[in-house]
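The data block below is structure-v7.cif; it holds mmCIF, C-alpha atoms.
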```cif
data_upload
#
loop_
_atom_site.label_atom_id
_atom_site.label_comp_id
_atom_site.auth_asym_id
_atom_site.auth_seq_id
_atom_site.Cartn_x
_atom_site.Cartn_y
_atom_site.Cartn_z
CA MET A 628 -50.67 16.27 57.95
CA PRO A 629 -51.16 20.00 58.66
CA PRO A 630 -53.99 21.72 56.80
CA SER A 631 -53.16 23.58 53.61
CA PRO A 632 -52.48 27.31 53.97
CA PRO A 633 -55.53 29.40 53.11
CA ASN A 634 -53.75 30.81 50.06
CA ASP A 635 -52.44 27.46 48.81
CA PRO A 636 -53.14 27.54 45.03
CA ARG A 637 -53.29 23.74 44.78
CA ALA A 638 -56.00 23.51 47.43
CA ALA A 639 -57.99 26.21 45.63
CA LEU A 640 -57.61 24.32 42.34
CA PHE A 641 -59.04 21.09 43.70
CA ARG A 642 -61.99 22.97 45.12
CA ASN A 643 -62.77 24.07 41.55
CA PRO A 644 -65.13 21.44 40.02
CA ASP A 645 -64.34 22.57 36.46
CA PHE A 646 -60.62 21.99 37.01
CA ARG A 647 -61.35 18.58 38.52
CA TRP A 648 -63.49 17.58 35.52
CA MET A 649 -60.85 18.78 33.07
CA LEU A 650 -57.99 17.14 34.96
CA SER A 651 -59.76 13.79 35.17
CA GLY A 652 -60.40 13.82 31.42
CA THR A 653 -56.82 14.81 30.71
CA ALA A 654 -55.51 11.98 32.88
CA LEU A 655 -57.77 9.48 31.10
CA THR A 656 -56.60 10.44 27.61
CA MET A 657 -52.94 10.59 28.65
CA LEU A 658 -53.19 7.10 30.09
CA GLY A 659 -55.05 5.83 27.02
CA ASP A 660 -52.45 7.35 24.69
CA GLN A 661 -49.77 5.20 26.32
CA PHE A 662 -51.72 2.08 25.33
CA THR A 663 -51.61 3.11 21.67
CA LEU A 664 -47.96 4.13 22.03
CA ILE A 665 -47.14 0.53 22.92
CA ALA A 666 -49.76 -1.28 20.82
CA LEU A 667 -49.19 0.43 17.45
CA PRO A 668 -45.45 -0.27 16.99
CA TRP A 669 -45.95 -3.79 18.30
CA LEU A 670 -48.84 -4.34 15.88
CA VAL A 671 -46.79 -3.24 12.88
CA LEU A 672 -43.79 -5.36 13.85
CA GLN A 673 -45.96 -8.45 14.31
CA MET A 674 -47.75 -7.82 11.02
CA THR A 675 -44.68 -7.26 8.90
CA GLY A 676 -41.45 -7.66 10.88
CA ASP A 677 -40.23 -4.73 8.76
CA THR A 678 -38.62 -1.73 10.46
CA LEU A 679 -39.12 0.38 7.34
CA VAL A 680 -42.88 -0.16 7.53
CA LEU A 681 -42.81 0.77 11.22
CA GLY A 682 -40.94 3.98 10.44
CA THR A 683 -43.44 4.82 7.70
CA VAL A 684 -46.42 4.32 10.02
CA LEU A 685 -44.88 6.50 12.73
CA ALA A 686 -44.08 9.18 10.17
CA LEU A 687 -47.63 9.11 8.80
CA MET A 688 -48.93 9.72 12.30
CA SER A 689 -46.40 12.28 13.45
CA VAL A 690 -45.42 14.44 10.47
CA PRO A 691 -48.98 15.69 9.70
CA ARG A 692 -49.40 16.40 13.40
CA ALA A 693 -46.30 18.58 13.37
CA LEU A 694 -47.13 20.33 10.09
CA PHE A 695 -50.75 21.13 11.00
CA ILE A 696 -50.24 22.02 14.65
CA LEU A 697 -49.90 25.72 13.80
CA VAL A 698 -53.11 25.57 11.77
CA GLY A 699 -54.77 23.90 14.74
CA GLY A 700 -53.59 26.73 16.95
CA ALA A 701 -55.09 29.30 14.58
CA LEU A 702 -58.45 27.49 14.65
CA VAL A 703 -58.37 27.39 18.43
CA ASP A 704 -57.78 31.16 18.45
CA ARG A 705 -60.83 31.68 16.27
CA HIS A 706 -63.15 29.24 18.04
CA SER A 707 -63.69 27.92 21.54
CA PRO A 708 -60.87 25.54 22.55
CA LYS A 709 -63.50 23.40 24.25
CA GLN A 710 -65.41 22.94 20.98
CA VAL A 711 -62.26 22.06 19.01
CA LEU A 712 -61.07 19.67 21.73
CA MET A 713 -64.47 17.98 21.90
CA LEU A 714 -64.47 17.34 18.14
CA THR A 715 -60.97 15.83 18.27
CA LYS A 716 -62.03 13.52 21.11
CA TYR A 717 -64.97 12.23 19.07
CA ALA A 718 -62.69 11.79 16.05
CA ASN A 719 -60.13 9.79 18.02
CA LEU A 720 -62.90 7.74 19.63
CA ALA A 721 -64.14 6.72 16.19
CA LEU A 722 -60.69 6.09 14.66
CA LEU A 723 -59.36 4.00 17.53
CA GLY A 724 -62.66 2.15 17.81
CA VAL A 725 -62.40 1.17 14.14
CA LEU A 726 -58.75 0.14 14.58
CA SER A 727 -59.65 -1.99 17.60
CA ALA A 728 -62.52 -3.70 15.77
CA LEU A 729 -60.34 -4.44 12.73
CA VAL A 730 -57.64 -6.04 14.87
CA LEU A 731 -60.10 -8.11 16.92
CA THR A 732 -61.92 -9.38 13.82
CA GLY A 733 -58.70 -10.10 11.89
CA ALA A 734 -59.76 -7.83 9.03
CA LEU A 735 -56.88 -5.35 9.33
CA THR A 736 -54.59 -4.82 6.34
CA LEU A 737 -51.53 -2.65 6.00
CA TRP A 738 -53.16 0.10 3.94
CA MET A 739 -55.77 0.45 6.71
CA VAL A 740 -52.98 0.94 9.26
CA TYR A 741 -51.49 3.66 7.05
CA ALA A 742 -54.83 5.45 6.61
CA LEU A 743 -55.82 5.29 10.28
CA SER A 744 -52.37 6.43 11.43
CA LEU A 745 -52.58 9.46 9.15
CA ALA A 746 -56.07 10.33 10.40
CA ILE A 747 -55.07 9.97 14.06
CA GLY A 748 -52.06 12.23 13.47
CA LEU A 749 -54.24 14.90 11.87
CA ALA A 750 -56.72 14.79 14.77
CA THR A 751 -53.86 15.19 17.24
CA ALA A 752 -52.65 18.30 15.40
CA PHE A 753 -55.81 20.03 16.56
CA SER A 754 -56.15 18.42 20.00
CA ILE A 755 -52.71 19.51 21.22
CA PRO A 756 -53.21 23.29 20.82
CA ALA A 757 -56.83 23.01 21.98
CA GLY A 758 -55.79 21.13 25.10
CA THR A 759 -53.00 23.56 25.98
CA ALA A 760 -55.31 26.54 25.39
CA MET A 761 -58.05 25.18 27.68
CA LEU A 762 -56.37 25.77 31.02
CA PRO A 763 -56.46 29.62 31.02
CA HIS A 764 -60.19 29.33 30.22
CA VAL A 765 -60.82 27.17 33.28
CA VAL A 766 -58.64 28.53 36.11
CA PRO A 767 -57.69 32.12 37.05
CA ARG A 768 -54.31 33.36 35.89
CA THR A 769 -53.02 33.41 39.48
CA GLN A 770 -53.45 29.62 39.60
CA LEU A 771 -51.95 28.77 36.20
CA GLN A 772 -48.48 27.88 37.48
CA ALA A 773 -49.87 25.46 40.06
CA ALA A 774 -52.31 23.99 37.50
CA ASN A 775 -49.51 23.45 34.97
CA GLY A 776 -47.40 21.76 37.63
CA ILE A 777 -50.20 19.34 38.50
CA SER A 778 -50.88 18.57 34.83
CA MET A 779 -47.20 17.94 34.10
CA GLY A 780 -46.90 15.64 37.11
CA ILE A 781 -49.90 13.60 35.99
CA ARG A 782 -48.53 13.41 32.45
CA GLN A 783 -45.24 11.97 33.67
CA PHE A 784 -47.02 9.53 35.98
CA THR A 785 -49.11 8.20 33.10
CA MET A 786 -45.92 7.86 31.02
CA PHE A 787 -44.63 5.57 33.76
CA LEU A 788 -47.80 3.59 34.55
CA GLY A 789 -49.41 3.43 31.08
CA PRO A 790 -46.67 1.52 29.21
CA LEU A 791 -46.40 -1.03 32.03
CA LEU A 792 -50.16 -1.69 32.01
CA ALA A 793 -50.29 -1.75 28.20
CA GLY A 794 -47.39 -4.19 27.88
CA LEU A 795 -48.88 -6.47 30.53
CA LEU A 796 -52.33 -6.35 28.94
CA ILE A 797 -51.04 -7.16 25.45
CA ALA A 798 -48.84 -9.96 26.76
CA LEU A 799 -51.67 -11.52 28.79
CA PHE A 800 -54.41 -11.37 26.16
CA GLY A 801 -52.25 -12.02 23.09
CA ASP A 802 -49.75 -9.89 21.20
CA GLY A 803 -49.82 -11.54 17.79
CA THR A 804 -46.45 -13.21 18.18
CA ASN A 805 -47.91 -16.45 16.88
CA GLY A 806 -48.56 -14.74 13.56
CA GLY A 807 -46.40 -14.77 10.49
CA GLY A 808 -44.56 -11.48 10.66
CA GLY A 809 -41.04 -12.76 10.09
CA ALA A 810 -38.03 -10.64 9.47
CA GLY A 811 -38.67 -10.37 5.81
CA GLY A 812 -42.18 -8.98 6.28
CA THR A 813 -45.39 -9.95 4.52
CA SER A 814 -47.35 -8.56 1.64
CA ALA A 815 -49.75 -5.69 2.27
CA GLY A 816 -52.79 -7.75 1.36
CA ALA A 817 -51.89 -10.72 3.51
CA VAL A 818 -50.78 -9.12 6.75
CA GLY A 819 -54.30 -9.06 8.13
CA ASN A 820 -54.43 -12.85 7.96
CA ALA A 821 -50.89 -13.19 9.28
CA MET A 822 -51.88 -11.93 12.72
CA ALA A 823 -52.84 -14.58 15.24
CA ASN A 824 -53.88 -14.23 18.87
CA ALA A 825 -53.70 -10.41 18.74
CA THR A 826 -56.57 -9.90 21.20
CA GLY A 827 -54.40 -7.89 23.58
CA ILE A 828 -53.47 -5.40 20.87
CA GLY A 829 -57.12 -4.92 19.91
CA VAL A 830 -58.14 -4.47 23.54
CA ALA A 831 -55.40 -1.86 24.03
CA PHE A 832 -56.73 0.21 21.13
CA GLY A 833 -60.25 -0.25 22.48
CA LEU A 834 -59.26 1.05 25.91
CA ASP A 835 -57.67 4.11 24.33
CA ALA A 836 -60.90 4.71 22.39
CA LEU A 837 -62.85 4.35 25.65
CA SER A 838 -60.58 6.91 27.32
CA PHE A 839 -61.49 9.45 24.63
CA GLY A 840 -65.19 8.74 25.08
CA LEU A 841 -65.01 9.17 28.86
CA SER A 842 -62.87 12.30 28.58
CA ALA A 843 -65.37 13.81 26.13
CA TRP A 844 -68.03 13.29 28.80
CA THR A 845 -65.90 14.92 31.51
CA LEU A 846 -65.10 17.80 29.14
CA SER A 847 -68.81 18.40 28.61
CA LYS A 848 -69.05 19.11 32.37
CA VAL A 849 -66.41 21.85 32.22
CA ARG A 850 -67.65 25.43 32.30
CA LEU A 851 -65.32 28.06 30.88
CA LEU A 852 -64.55 31.30 32.64
CA PRO A 853 -66.41 34.26 31.12
CA ALA A 854 -64.65 36.72 28.82
CA VAL A 855 -61.19 35.11 28.94
CA PRO A 856 -59.21 35.93 25.78
CA ALA A 857 -57.27 33.17 24.10
CA PRO A 858 -53.64 33.17 25.26
CA SER A 859 -52.33 33.68 21.73
CA ALA A 860 -54.88 36.30 20.70
CA ARG A 861 -53.14 39.24 19.07
CA PRO A 862 -54.64 42.72 19.50
CA ALA A 863 -54.96 45.11 16.63
CA ARG A 864 -52.03 47.43 15.96
CA PRO A 865 -52.12 50.96 17.41
CA ASP A 866 -52.96 52.38 13.97
CA GLY A 867 -56.09 50.22 13.87
CA THR A 868 -54.85 47.79 11.19
CA ALA A 869 -55.33 44.09 11.63
CA ALA A 870 -52.68 41.95 13.29
CA PRO A 871 -50.52 39.85 10.97
CA ALA A 872 -52.00 36.70 9.47
CA VAL A 873 -51.05 33.34 10.93
CA LEU A 874 -48.27 32.56 8.42
CA ALA A 875 -46.84 36.07 8.71
CA SER A 876 -46.80 35.73 12.51
CA VAL A 877 -44.96 32.42 12.21
CA ALA A 878 -42.38 34.02 9.93
CA GLN A 879 -41.87 36.90 12.36
CA GLY A 880 -41.32 34.47 15.22
CA LEU A 881 -38.80 32.43 13.25
CA ALA A 882 -36.93 35.59 12.29
CA HIS A 883 -36.72 36.65 15.94
CA PHE A 884 -35.44 33.26 17.06
CA TRP A 885 -32.82 33.25 14.30
CA ARG A 886 -31.52 36.68 15.34
CA ASP A 887 -31.11 35.50 18.94
CA ARG A 888 -27.78 33.67 18.76
CA GLU A 889 -28.30 31.52 21.85
CA LEU A 890 -31.86 30.58 20.89
CA ARG A 891 -30.76 29.75 17.35
CA THR A 892 -27.95 27.57 18.67
CA CYS A 893 -30.26 25.74 21.08
CA PHE A 894 -32.94 25.04 18.47
CA LEU A 895 -30.33 23.74 16.01
CA TYR A 896 -28.78 21.59 18.73
CA TRP A 897 -32.17 20.14 19.73
CA SER A 898 -32.85 19.39 16.08
CA ALA A 899 -29.70 17.28 16.01
CA VAL A 900 -30.81 15.48 19.19
CA ALA A 901 -34.24 14.77 17.67
CA VAL A 902 -32.66 13.31 14.53
CA LEU A 903 -29.91 11.30 16.22
CA ILE A 904 -31.74 10.00 19.30
CA MET A 905 -35.51 10.56 19.40
CA GLY A 906 -36.22 9.31 15.89
CA PRO A 907 -34.15 6.11 16.07
CA LEU A 908 -35.61 5.31 19.51
CA HIS A 909 -39.12 5.04 18.02
CA ILE A 910 -37.85 2.15 15.91
CA ALA A 911 -35.11 0.67 18.07
CA MET A 912 -37.04 0.21 21.33
CA PRO A 913 -39.77 -2.13 20.06
CA VAL A 914 -37.19 -4.05 18.02
CA LEU A 915 -34.98 -4.35 21.11
CA ALA A 916 -37.92 -5.58 23.20
CA SER A 917 -38.86 -8.17 20.58
CA SER A 918 -35.28 -9.52 20.69
CA LEU A 919 -35.47 -10.29 24.41
CA PRO A 920 -36.51 -13.95 24.78
CA HIS A 921 -40.00 -14.88 26.01
CA LEU A 922 -41.00 -11.33 27.02
CA GLY A 923 -42.54 -9.66 23.98
CA ALA A 924 -44.82 -6.65 24.47
CA ALA A 925 -44.38 -6.78 28.26
CA ALA A 926 -40.67 -5.98 27.79
CA PHE A 927 -41.49 -3.08 25.47
CA GLY A 928 -43.95 -1.60 27.97
CA THR A 929 -41.51 -2.09 30.83
CA LEU A 930 -38.66 -0.32 29.01
CA VAL A 931 -40.86 2.64 28.06
CA GLY A 932 -42.31 2.73 31.57
CA ALA A 933 -38.81 2.74 33.06
CA HIS A 934 -37.95 5.79 30.97
CA GLY A 935 -41.15 7.50 32.15
CA ALA A 936 -40.35 6.69 35.78
CA GLY A 937 -36.85 8.06 35.37
CA THR A 938 -38.18 11.23 33.75
CA LEU A 939 -40.65 11.76 36.60
CA ALA A 940 -37.88 11.25 39.17
CA GLY A 941 -35.67 13.70 37.27
CA MET A 942 -38.36 16.37 37.29
CA VAL A 943 -38.87 15.89 41.03
CA ALA A 944 -35.12 16.11 41.59
CA SER A 945 -34.99 19.30 39.52
CA GLY A 946 -37.57 20.88 41.82
CA MET A 947 -35.75 19.72 44.95
CA LEU A 948 -32.31 20.84 43.70
CA PRO A 949 -33.02 24.07 41.80
CA ARG A 950 -29.42 25.33 42.07
CA LEU A 951 -27.70 22.14 40.93
CA ARG A 952 -25.47 23.04 38.00
CA TRP A 953 -22.18 22.05 36.48
CA GLY A 954 -21.06 25.53 35.57
CA SER A 955 -23.73 27.19 33.43
CA LEU A 956 -27.09 25.78 32.33
CA GLY A 957 -25.61 25.11 28.88
CA MET A 958 -22.64 23.24 30.33
CA THR A 959 -25.00 21.10 32.41
CA LEU A 960 -27.12 20.34 29.34
CA LEU A 961 -24.12 19.28 27.27
CA ALA A 962 -22.68 17.14 30.08
CA PHE A 963 -26.01 15.39 30.65
CA ASP A 964 -26.54 14.78 26.93
CA ALA A 965 -23.04 13.36 26.53
CA THR A 966 -23.74 11.02 29.45
CA ILE A 967 -27.05 9.98 27.85
CA GLY A 968 -25.17 9.20 24.66
CA LEU A 969 -22.76 6.97 26.57
CA LEU A 970 -25.68 5.17 28.22
CA PHE A 971 -27.29 4.49 24.84
CA ILE A 972 -24.20 2.77 23.41
CA PRO A 973 -24.59 -0.54 25.33
CA MET A 974 -28.38 -0.72 24.87
CA GLY A 975 -28.09 -2.81 21.71
CA VAL A 976 -26.14 -5.60 23.38
CA ILE A 977 -28.13 -6.11 26.59
CA GLY A 978 -29.13 -9.69 27.27
CA ALA A 979 -31.62 -9.21 30.11
CA LEU A 980 -34.56 -6.93 30.77
CA TRP A 981 -33.16 -5.58 34.04
CA GLN A 982 -30.17 -4.18 32.17
CA GLY A 983 -32.43 -2.21 29.83
CA ILE A 984 -34.53 -1.00 32.78
CA ALA A 985 -31.44 0.32 34.57
CA LEU A 986 -30.21 2.15 31.47
CA MET A 987 -33.63 3.64 30.65
CA LEU A 988 -34.14 4.78 34.25
CA ALA A 989 -30.80 6.61 34.16
CA ILE A 990 -31.50 8.15 30.74
CA GLY A 991 -34.95 9.30 31.86
CA LEU A 992 -33.57 10.74 35.10
CA LEU A 993 -31.05 12.93 33.27
CA GLY A 994 -33.55 13.98 30.60
CA GLY A 995 -36.31 14.80 33.09
CA PHE A 996 -33.96 16.89 35.21
CA MET A 997 -33.00 19.04 32.22
CA GLN A 998 -36.52 19.19 30.76
CA VAL A 999 -37.76 21.44 33.58
CA ARG A 1000 -34.74 23.71 33.28
CA ILE A 1001 -35.02 24.04 29.50
CA PHE A 1002 -38.72 24.91 29.54
CA THR A 1003 -38.11 27.52 32.24
CA TRP A 1004 -35.20 28.98 30.28
CA ILE A 1005 -37.30 29.31 27.12
CA GLN A 1006 -40.07 31.05 29.06
CA GLN A 1007 -37.53 33.48 30.53
CA ARG A 1008 -35.62 34.07 27.32
CA VAL A 1009 -38.51 34.63 24.92
CA PRO A 1010 -40.74 37.71 25.06
CA PRO A 1011 -44.27 36.86 26.25
CA ALA A 1012 -45.79 37.64 22.85
CA LEU A 1013 -43.58 34.97 21.23
CA ILE A 1014 -43.76 32.15 23.78
CA GLY A 1015 -46.53 30.34 21.91
CA ARG A 1016 -44.52 30.31 18.68
CA ALA A 1017 -41.36 29.30 20.53
CA MET A 1018 -43.09 26.28 22.06
CA ALA A 1019 -44.67 25.43 18.70
CA LEU A 1020 -41.20 25.40 17.12
CA PHE A 1021 -39.92 23.24 19.97
CA MET A 1022 -42.79 20.78 19.42
CA PHE A 1023 -42.19 20.82 15.66
CA ILE A 1024 -38.59 19.74 16.20
CA PHE A 1025 -39.56 16.69 18.22
CA MET A 1026 -42.83 15.93 16.41
CA GLY A 1027 -41.61 16.64 12.88
CA LEU A 1028 -37.91 15.91 12.62
CA ALA A 1029 -37.97 12.89 14.93
CA PRO A 1030 -40.61 10.98 12.88
CA ILE A 1031 -38.71 11.68 9.66
CA SER A 1032 -35.61 10.34 11.36
CA ALA A 1033 -37.63 7.29 12.47
CA ALA A 1034 -38.64 6.56 8.88
CA VAL A 1035 -35.02 6.82 7.74
CA THR A 1036 -33.94 4.62 10.65
CA GLY A 1037 -36.39 1.94 9.55
CA TRP A 1038 -34.69 1.84 6.17
CA VAL A 1039 -31.17 1.94 7.66
CA MET A 1040 -31.92 -0.98 9.99
CA ARG A 1041 -32.34 -3.26 7.01
CA GLY A 1042 -28.56 -3.13 6.61
CA ILE A 1043 -27.20 -2.75 10.16
CA THR A 1044 -27.64 -4.52 13.47
CA LEU A 1045 -29.43 -3.19 16.54
CA ALA A 1046 -26.12 -2.98 18.40
CA GLN A 1047 -24.63 -0.87 15.60
CA LEU A 1048 -27.66 1.47 15.64
CA PHE A 1049 -27.49 2.16 19.37
CA ALA A 1050 -23.71 2.53 19.31
CA GLY A 1051 -23.86 4.87 16.33
CA CYS A 1052 -26.63 7.06 17.76
CA GLY A 1053 -25.11 7.22 21.23
CA GLY A 1054 -21.67 7.99 19.85
CA ALA A 1055 -23.11 10.64 17.52
CA LEU A 1056 -24.81 12.38 20.47
CA VAL A 1057 -21.50 12.46 22.36
CA VAL A 1058 -19.76 13.96 19.31
CA VAL A 1059 -22.51 16.55 18.76
CA ALA A 1060 -22.36 17.60 22.43
CA ALA A 1061 -18.58 17.91 22.20
CA LEU A 1062 -18.76 19.98 18.99
CA ALA A 1063 -21.43 22.21 20.55
CA PHE A 1064 -19.13 22.78 23.53
CA LEU A 1065 -16.14 23.65 21.35
CA LEU A 1066 -17.74 25.60 18.50
CA THR A 1067 -20.96 27.21 19.75
CA PRO A 1068 -22.07 29.58 22.53
CA LEU A 1069 -24.26 26.85 24.04
CA ARG A 1070 -21.90 26.35 26.98
CA GLN A 1071 -22.45 30.02 27.92
CA VAL A 1072 -26.25 29.77 28.19
CA ASN A 1073 -27.41 30.64 31.69
CA ASP A 1074 -30.71 31.03 33.47
CA ALA A 1075 -30.93 34.79 33.20
CA PRO A 1076 -33.77 36.08 31.00
CA GLY A 1077 -32.89 37.53 27.63
CA PRO A 1078 -32.89 41.29 27.10
CA ALA A 1079 -36.18 41.23 25.19
CA ALA A 1080 -37.95 39.30 27.93
CA ARG A 1081 -36.94 41.58 30.79
#
```
Rewritten as structure tokens:
Amino acid sequence: MPPSPPNDPRAALFRNPDFRWMLSGTALTMLGDQFTLIALPWLVLQMTGDTLVLGTVLALMSVPRALFILVGGALVDRHSPKQVLMLTKYANLALLGVLSALVLTGALTLWMVYALSLAIGLATAFSIPAGTAMLPHVVPRTQLQAANGISMGIRQFTMFLGPLLAGLLIALFGDGTNGGGGAGGTSAGAVGNAMANATGIGVAFGLDALSFGLSAWTLSKVRLLPAVPAPSARPARPDGTAAPAVLASVAQGLAHFWRDRELRTCFLYWSAVAVLIMGPLHIAMPVLASSLPHLGAAAFGTLVGAHGAGTLAGMVASGMLPRLRWGSLGMTLLAFDATIGLLFIPMGVIGALWQGIALMLAIGLLGGFMQVRIFTWIQQRVPPALIGRAMALFMFIFMGLAPISAAVTGWVMRGITLAQLFAGCGGALVVVAALAFLLTPLRQVNDAPGPAAR
């Protein structure tokens, strides 16, 4: 292999020990998070067999995270992102350690799951903005694009590898399927005793806790660049008055996005996608995996891992085929989403794991391809001073609306079958994409930057 060019930003990044320490810690926590992503829904289903309870747990974890993420960003602006991130790592270490110990000792009850899920969600509300704010404090601005690319690649790789390892671990060491969590659920006080042979679930939570402990150690080795302002810091106005308060800044950003017709249309469209697809998936995937005979948690991890692998392949394909379009960017988005909707329809009637893997790989491939394009379009469309608020709104859609949809889905699934859920959600996405094509300017969205961002 020829040596890297002297100005290769990636080579310069890996010569930076602070970036290496930060990247290793980030990879550890991302991998550990995938263990909890698999273990928590599986735990709740084995404890209760109740999709409504599962939706409630996911909502308790995700809704506070979405609501407090802007507050977390404000705290990061006022304090060192390293200090805030370190505190969240210690908090998650303690919370996941307690959850692991309760599962392994058989002392876990449903109210404890609710409380710990809420606390983990609140901690994440502060870790997400702190983690995203760290990078400009560690690498020079000229290397940020390359650093973001490396971080995104590692994130997608962990989303492929982590679920596979987690599902295998839980299946090998015990996933609680010998417990008494039948379809009708169990009482809140008795679910702790209903679990049997759940060692794998407890170990999965323990490994996630360990990942936070190790990443806290690697973070302690990171030295921040001197005198680097926070990315979202707002200078004083020319007349010397203070910049707007946090809530006023949020309101200004929302007003700007609403005035931009294409941005408003896209955010409303993504909200519909979050409600119709992302939320129900949180409930439907573990239920689907549990319906496949003799596979259990391993099937759940494999399906989620297949989606991660497809997403990673889609992002690579997007980089290799930057000009691939079907008409405009908006037309490509609508066509891909309609295809994803069609792929979701048969998910509820699959009878073998390989069928689910094939569908999830295809869905991930299409989604990953568009993910790169959408993020780039937002960065081009939005003025630099509003990018932070634009991304916060984007995260709120998928971290706030999707969990609410998941909770509603848990209630709905008490009266419909899994096949009806997948068919309904997939069909609804096709209809929404068609209506967006016919009635909105979404099909006209292109890759050119908006007037305010030029």
Practice item. Counting all atoms listed in the file, figure out which residue out of A:Pro763, A:Pro644, A:Gly1054, A:Gly928 gets nearest to A:Ile797. Key: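 Using all atoms listed in the file, the shortest distance to A:Ile797 belongs to A:Gly928.
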Point to revise | Counting all atoms listed in the file, the option among A:Thr959, A:Ser689, A:Thr678, A:Ser898 closest to A:Trp1038 | key: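 For A:Trp1038, the nearest of the candidates is A:Thr678.
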Point to revise | Contact residues around A:Val943 with all atoms listed in the file at 9 Å, ignoring same-chain residues under 3 positions, as a ChimeraX atom specification | key: /A:780,938-940,946-948,995-996
Practice item. Considering only C-alpha atoms, state which residue in the set A:Ala1055, A:Ala1063, A:Leu722, A:Leu664 is at the smallest distance from A:Leu837. Key: A:Leu722
Check your understanding: Could you pull the residues within 9 Å of A:Leu714, counting all atoms listed in the file, minus those fewer than 5 positions along the same chain, as a PyMOL selection string?
Key -> chain A and resi 709+719+750+754+843
With C-alpha atoms kept, could you save the residues just selected as a PDB file, in the frame of the given file?
```pdb
ATOM      1  CA  LYS A 709     -63.500  23.400  24.250  1.00  0.00           C
ATOM      2  CA  ASN A 719     -60.130   9.790  18.020  1.00  0.00           C
ATOM      3  CA  ALA A 750     -56.720  14.790  14.770  1.00  0.00           C
ATOM      4  CA  SER A 754     -56.150  18.420  20.000  1.00  0.00           C
ATOM      5  CA  ALA A 843     -65.370  13.810  26.130  1.00  0.00           C
TER       6      ALA A 843
END
```
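When only C-alpha atoms are used to compute distances to A:Val725, the closest of the residues A:Ile1005, A:Ala836, A:Leu799, A:Met974 turns out to be A:Ala836.
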Practice item. Write out as a count of residues only each polymer residue whose atoms come within 9 Å of A:Ala654, counting all atoms listed in the file; drop sequence neighbours fewer than 2 positions from it. Key: 13
Point to revise | For A:Gln1071, the nearest of the candidates A:Ile967, A:Ala1034, A:Cys893, A:Ala1029, counting all atoms listed in the file | key: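 Of A:Ile967, A:Ala1034, A:Cys893, A:Ala1029, the one nearest A:Gln1071, counting all atoms listed in the file, is A:Cys893.
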Exercise for review: Could you tell me which of A:Val711, A:Ala962, A:Ile828, A:Leu1020 comes closest to A:Leu895 if we count only C-alpha atoms?
Suggested key: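 Answer, going by the shortest atom-to-atom distance: A:Leu1020.
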Complete stretch 735-743 of chain A at the level of N, CA, C and O atoms, written as an mmCIF file, in the frame of the given file.
```cif
data_model
loop_
_atom_site.group_PDB
_atom_site.id
_atom_site.type_symbol
_atom_site.label_atom_id
_atom_site.label_comp_id
_atom_site.auth_asym_id
_atom_site.auth_seq_id
_atom_site.Cartn_x
_atom_site.Cartn_y
_atom_site.Cartn_z
ATOM 1 N N LEU A 735 -57.796 -6.469 9.542
ATOM 2 C CA LEU A 735 -56.880 -5.350 9.330
ATOM 3 C C LEU A 735 -55.861 -5.676 8.239
ATOM 4 O O LEU A 735 -55.278 -6.758 8.210
ATOM 5 N N THR A 736 -55.648 -4.722 7.344
ATOM 6 C CA THR A 736 -54.590 -4.820 6.340
ATOM 7 C C THR A 736 -53.676 -3.605 6.465
ATOM 8 O O THR A 736 -54.000 -2.632 7.144
ATOM 9 N N LEU A 737 -52.542 -3.673 5.800
ATOM 10 C CA LEU A 737 -51.530 -2.650 6.000
ATOM 11 C C LEU A 737 -51.997 -1.279 5.529
ATOM 12 O O LEU A 737 -51.714 -0.265 6.181
ATOM 13 N N TRP A 738 -52.728 -1.215 4.417
ATOM 14 C CA TRP A 738 -53.160 0.100 3.940
ATOM 15 C C TRP A 738 -54.124 0.732 4.939
ATOM 16 O O TRP A 738 -54.174 1.967 5.075
ATOM 17 N N MET A 739 -54.888 -0.090 5.673
ATOM 18 C CA MET A 739 -55.770 0.450 6.710
ATOM 19 C C MET A 739 -54.963 1.049 7.854
ATOM 20 O O MET A 739 -55.331 2.093 8.414
ATOM 21 N N VAL A 740 -53.848 0.404 8.221
ATOM 22 C CA VAL A 740 -52.980 0.940 9.260
ATOM 23 C C VAL A 740 -52.423 2.292 8.824
ATOM 24 O O VAL A 740 -52.393 3.257 9.609
ATOM 25 N N TYR A 741 -51.983 2.379 7.569
ATOM 26 C CA TYR A 741 -51.490 3.660 7.050
ATOM 27 C C TYR A 741 -52.554 4.744 7.131
ATOM 28 O O TYR A 741 -52.306 5.860 7.615
ATOM 29 N N ALA A 742 -53.755 4.450 6.663
ATOM 30 C CA ALA A 742 -54.830 5.450 6.610
ATOM 31 C C ALA A 742 -55.237 5.897 8.011
ATOM 32 O O ALA A 742 -55.405 7.099 8.277
ATOM 33 N N LEU A 743 -55.406 4.942 8.922
ATOM 34 C CA LEU A 743 -55.820 5.290 10.280
ATOM 35 C C LEU A 743 -54.731 6.051 11.017
ATOM 36 O O LEU A 743 -55.024 6.983 11.783
#
```
